[in-house]
2 protein chains.
Amino acid sequence: MPSPALKPPETFFHSRLFRGLGNEELADLTAICQRRRLSAGEQLIKQHSTAQNVYVVVSGTLMIERLSRSGRRQVIAFAYSGDYIGFTNTEEYEYSVVSLRETELQSFVRREFLALVDQSSTLKANARQIGGNVLAQTLDQLFALGQKKAHERLCFLLAQIRRRQCGTQNADIELIMSRQDIADYLGLTIETVSRAFARLKSMKLIEIVSAHRIRILDHAILEELASVH
Amino acid sequence: MPSPALKPPETFFHSRLFRGLGNEELADLTAICQRRRLSAGEQLIKQHSTAQNVYVVVSGTLMIERLSRSGRRQVIAFAYSGDYIGFTNTEEYEYSVVSLRETELQSFVRREFLALVDQSSTLKANARQIGGNVLAQTLDQLFALGQKKAHERLCFLLAQIRRRQCGTQNADIELIMSRQDIADYLGLTIETVSRAFARLKSMKLIEIVSAHRIRILDHAILEELASVH
DNA sequence: CGTCTATTTGAATCGGCTCAAACCATGTGG
DNA sequence: CCACATGGTTTGAGCCGATTCAAATAGACG
């Protein structure tokens, strides 16, 4: 029987990181796991700070961004339930992380976490796979920014969010982030993003239920425009 | 004394991957290491093939690229001596790799290589660091494509190549790749790249010795324009 | 209901793209 | 050695997509 201090294993299952782990491994992880709660707009990681923790998103949404001295901003990713944060293999974080709404996290001390990873081949494989997915996702975005037109980039983002939210019952996409966040993610301006929405609407690919709620009318063409392969 | 089959450890020292390794670890690596030589234009990795090998560049230059069904191409990186290739943590390569000129490589069977990495904490740390650098480099490029103007992106590339070639005696930059390769790396067209060169020249930042040889006249401003921080 | 902010829409401008021609270096055959 | 062909690069002109600046509209919240 688990001691009272142990959270039930179910809380871990939302992330791929913990897939296939035995009870003992889960217990070890639980022992070094801290809960953390962020309110909307709160900063979790400050760019250039030393990488001391890794996190797993339990619920909510985070935004990973990079700011330059000149004031320009590139949004790198949006993280949802089950995503991992701070899986950097460098000394310091090269990005900031802020929450877009109330968000629950599991927090691990990096050093302790890596020690556990070393001991479990399953966990090691999972961590490797996650690292690979982070890079793969970044390469997809790189392709979109380098090769795609404004409305195609927007399809890229919509398709990506849809894939993350397909568990949800209804088909609508919820856009938690602002137009400015979308613009900085896609390397565009807010006006261009707004016009890209209008264009997709006029193409009958989407319906703009509200500024932050989009209904996809034609998945096939959306995916086609979003494709980076 | 090393057996005749063992290559001298010196051949490994060009890459960060092998930094700080003991003789025994080097011997293990040597035992599973194959030499490979590519002539200019030859393909090393085909996109979507299963990831069976990892490589370290001994000499020469490689180009990592991704092609989409629609025929568009994004160049992801240029790899020089000491760089690693195929450090994917995914099942298959999501990019192609071709050589830009005669290139020498060390080749390892991925599975065997990872087994060795598991056994050596130094090698493990090195591999982790390298993985981190790959991601960091990709994030830099992402920032450049998303936020920078054509001539700034070119500065980004020039500064990057200079950093890799600073070991060479003279200050000139050698551009092994074609204008088309540069364009696809920076998300531009060849004409725009050419005009960006002309612009940097008129700004007296560079001198175009020949199409493939650039002399930097003002490092400070070049770095400023190239900066992604 | 009014204020504040986010988003959309419009008009003008600009940067990068397209298409076309010129230029240049290299190599080949007469 | 020169004439010519070839592929890569540069330059020019016009166009189009994205940005900029400005104003209108829509939502959120007191």
# chains A, B, ... in the order shown; residues from 1 in each chain; ligands from 1
>>> residues_around(residues="Ala159 in chain B", least_positions_apart="5", cutoff="9 Å", atoms="only C-alpha atoms (C1' of nucleotides)", output="JSON, numbers by chain")
{"B": [154, 164, 219, 222, 223, 226, 227]}
>>> residues_around(residues="Leu145 in chain B", least_positions_apart="2", cutoff="9 Å", atoms="only C-alpha atoms (C1' of nucleotides)", output="PyMOL selection string")
(chain A and resi 142+145-146+187) or (chain B and resi 140-143+147-150+153+186-187)
>>> interface_residues(of="chain A", to="chain B", cutoff="8 Å", atoms="only C-alpha atoms", output="ChimeraX atom specification")
/A:66-69,72-74,76,88-90,94,128-129,131-133,135-136,138-139,141-143,145-147,184-188,228-229
>>> write_last_selection(atoms="C-alpha atoms", output="PDB file, in the first residue's frame")
ATOM      1  CA  ARG A  66      12.519  33.966 -26.387  1.00  0.00           C
ATOM      2  CA  LEU A  67      13.206  37.673 -26.128  1.00  0.00           C
ATOM      3  CA  SER A  68      16.105  39.485 -27.726  1.00  0.00           C
ATOM      4  CA  ARG A  69      17.875  42.577 -26.496  1.00  0.00           C
ATOM      5  CA  ARG A  72      11.808  41.279 -30.558  1.00  0.00           C
ATOM      6  CA  ARG A  73      10.103  38.157 -29.388  1.00  0.00           C
ATOM      7  CA  GLN A  74       9.834  34.668 -30.814  1.00  0.00           C
ATOM      8  CA  ILE A  76       8.736  28.858 -29.432  1.00  0.00           C
ATOM      9  CA  THR A  88      17.117  21.528 -21.763  1.00  0.00           C
ATOM     10  CA  ASN A  89      20.471  19.819 -21.895  1.00  0.00           C
ATOM     11  CA  THR A  90      22.249  23.118 -21.500  1.00  0.00           C
ATOM     12  CA  GLU A  94      17.507  29.854 -23.318  1.00  0.00           C
ATOM     13  CA  ARG A 128      14.947  10.319 -25.107  1.00  0.00           C
ATOM     14  CA  GLN A 129      11.745  10.136 -27.073  1.00  0.00           C
ATOM     15  CA  GLY A 131      13.765  15.113 -26.393  1.00  0.00           C
ATOM     16  CA  GLY A 132      13.392  13.869 -29.945  1.00  0.00           C
ATOM     17  CA  ASN A 133       9.852  15.175 -30.143  1.00  0.00           C
ATOM     18  CA  LEU A 135      13.433  18.829 -31.686  1.00  0.00           C
ATOM     19  CA  ALA A 136      11.044  17.414 -34.277  1.00  0.00           C
ATOM     20  CA  THR A 138      10.933  22.770 -33.569  1.00  0.00           C
ATOM     21  CA  LEU A 139      12.020  21.580 -37.012  1.00  0.00           C
ATOM     22  CA  GLN A 141       8.028  25.178 -36.962  1.00  0.00           C
ATOM     23  CA  LEU A 142      11.294  26.099 -38.650  1.00  0.00           C
ATOM     24  CA  PHE A 143       9.944  24.764 -41.915  1.00  0.00           C
ATOM     25  CA  LEU A 145       8.478  29.974 -40.797  1.00  0.00           C
ATOM     26  CA  GLY A 146      10.979  29.494 -43.584  1.00  0.00           C
ATOM     27  CA  GLN A 147       8.739  28.208 -46.334  1.00  0.00           C
ATOM     28  CA  ASP A 184       5.089  36.079 -32.552  1.00  0.00           C
ATOM     29  CA  TYR A 185       4.818  32.319 -32.866  1.00  0.00           C
ATOM     30  CA  LEU A 186       4.359  32.470 -36.621  1.00  0.00           C
ATOM     31  CA  GLY A 187       6.733  35.354 -37.345  1.00  0.00           C
ATOM     32  CA  LEU A 188       3.943  37.701 -38.446  1.00  0.00           C
ATOM     33  CA  VAL A 228       5.472  20.354 -43.414  1.00  0.00           C
ATOM     34  CA  HIS A 229       6.278  17.027 -45.044  1.00  0.00           C
TER      35      HIS A 229
END
>>> closest_residue(among="C:DA11, C:DA6, C:DC23, C:DC17", to="DG27 in chain D", atoms="only C-alpha atoms (C1' of nucleotides)")
C:DA6
>>> residues_around(residues="DC4 in chain C", least_positions_apart="4", cutoff="12 Å", atoms="only C-alpha atoms (C1' of nucleotides)", output="list of chain:residue names")
D:DG27, D:DA28, D:DC29, D:DG30
>>> atom_distance(atom1="CA of Glu112 in chain B", atom2="CA of Asn53 in chain B")
9.3 Å
>>> interface_residues(of="chain D", to="chain A", cutoff="10 Å", atoms="only C-alpha atoms (C1' of nucleotides)", output="ChimeraX atom specification")
/D:17-20,26-27
>>> atom_distance(atom1="CA of Ser194 in chain A", atom2="CA of Asp218 in chain A")
19.2 Å
>>> interface_residues(of="chain C", to="chain A", cutoff="12 Å", atoms="only C-alpha atoms (C1' of nucleotides)", output="list of chain:residue names")
C:DT5, C:DA6, C:DT7, C:DT8, C:DT9, C:DG10, C:DC17
>>> write_last_selection(atoms="C-alpha atoms (C1' of nucleotides)", output="mmCIF file, in the first residue's frame")
data_model
loop_
_atom_site.group_PDB
_atom_site.id
_atom_site.type_symbol
_atom_site.label_atom_id
_atom_site.label_comp_id
_atom_site.auth_asym_id
_atom_site.auth_seq_id
_atom_site.Cartn_x
_atom_site.Cartn_y
_atom_site.Cartn_z
ATOM 1 C "C1'" DT C 5 -8.070 46.498 -24.081
ATOM 2 C "C1'" DA C 6 -8.047 43.244 -27.848
ATOM 3 C "C1'" DT C 7 -9.256 42.514 -32.413
ATOM 4 C "C1'" DT C 8 -10.581 43.737 -36.973
ATOM 5 C "C1'" DT C 9 -10.592 46.558 -41.034
ATOM 6 C "C1'" DG C 10 -8.763 50.085 -44.235
ATOM 7 C "C1'" DC C 17 9.220 37.613 -54.776
#
>>> select_by_dssp(residues="range 26-197 of chain A", states="helix (DSSP H, G or I)", output="VMD selection string")
chain A and resid 26 to 31 110 to 119 121 to 147 150 to 165 179 to 186 190 to 197
>>> residues_around(residues="DA5 in chain D", least_positions_apart="3", cutoff="12 Å", atoms="only C-alpha atoms (C1' of nucleotides)", output="list in words")
DT26, DG27, DT28 and DG29 of chain C
>>> residues_around(residues="Phe113 in chain A", least_positions_apart="5", cutoff="10 Å", atoms="only C-alpha atoms (C1' of nucleotides)", output="list in words")
Asp28, Leu29, Ile32, Cys33, Asn53, Val54, Ser107, Phe108 and Asp118 of chain A
>>> write_last_selection(atoms="N, CA and C atoms", output="PDB file, in the first residue's frame")
ATOM      1  N   ASP A  28       9.404   6.243  -6.789  1.00  0.00           N
ATOM      2  CA  ASP A  28      10.631   7.051  -6.732  1.00  0.00           C
ATOM      3  C   ASP A  28      10.369   8.458  -7.268  1.00  0.00           C
ATOM      4  N   LEU A  29       9.663   8.512  -8.389  1.00  0.00           N
ATOM      5  CA  LEU A  29       9.354   9.813  -8.988  1.00  0.00           C
ATOM      6  C   LEU A  29       8.471  10.634  -8.062  1.00  0.00           C
ATOM      7  N   ILE A  32      10.187  12.551  -5.288  1.00  0.00           N
ATOM      8  CA  ILE A  32      10.939  13.784  -5.559  1.00  0.00           C
ATOM      9  C   ILE A  32      10.095  14.822  -6.290  1.00  0.00           C
ATOM     10  N   CYS A  33       8.795  14.549  -6.386  1.00  0.00           N
ATOM     11  CA  CYS A  33       7.915  15.424  -7.149  1.00  0.00           C
ATOM     12  C   CYS A  33       7.261  16.464  -6.259  1.00  0.00           C
ATOM     13  N   ASN A  53      15.352  22.986 -12.664  1.00  0.00           N
ATOM     14  CA  ASN A  53      14.169  22.142 -12.541  1.00  0.00           C
ATOM     15  C   ASN A  53      13.673  21.651 -13.897  1.00  0.00           C
ATOM     16  N   VAL A  54      12.942  20.563 -13.856  1.00  0.00           N
ATOM     17  CA  VAL A  54      12.148  20.172 -15.016  1.00  0.00           C
ATOM     18  C   VAL A  54      10.707  20.070 -14.539  1.00  0.00           C
ATOM     19  N   SER A 107       6.851  19.440 -10.477  1.00  0.00           N
ATOM     20  CA  SER A 107       8.184  20.008 -10.544  1.00  0.00           C
ATOM     21  C   SER A 107       9.198  19.008  -9.975  1.00  0.00           C
ATOM     22  N   PHE A 108      10.295  18.848 -10.688  1.00  0.00           N
ATOM     23  CA  PHE A 108      11.362  17.973 -10.223  1.00  0.00           C
ATOM     24  C   PHE A 108      12.669  18.752 -10.196  1.00  0.00           C
ATOM     25  N   ASP A 118      18.687   7.851 -15.109  1.00  0.00           N
ATOM     26  CA  ASP A 118      19.823   6.955 -15.312  1.00  0.00           C
ATOM     27  C   ASP A 118      19.534   5.539 -14.832  1.00  0.00           C
TER      28      ASP A 118
END
>>> select_by_dssp(residues="range 8-55 of chain A", states="strand (DSSP E or B)", output="count of residues only")
13
>>> atom_distance(atom1="CA of Ala79 in chain B", atom2="CA of Gly60 in chain B")
8.4 Å
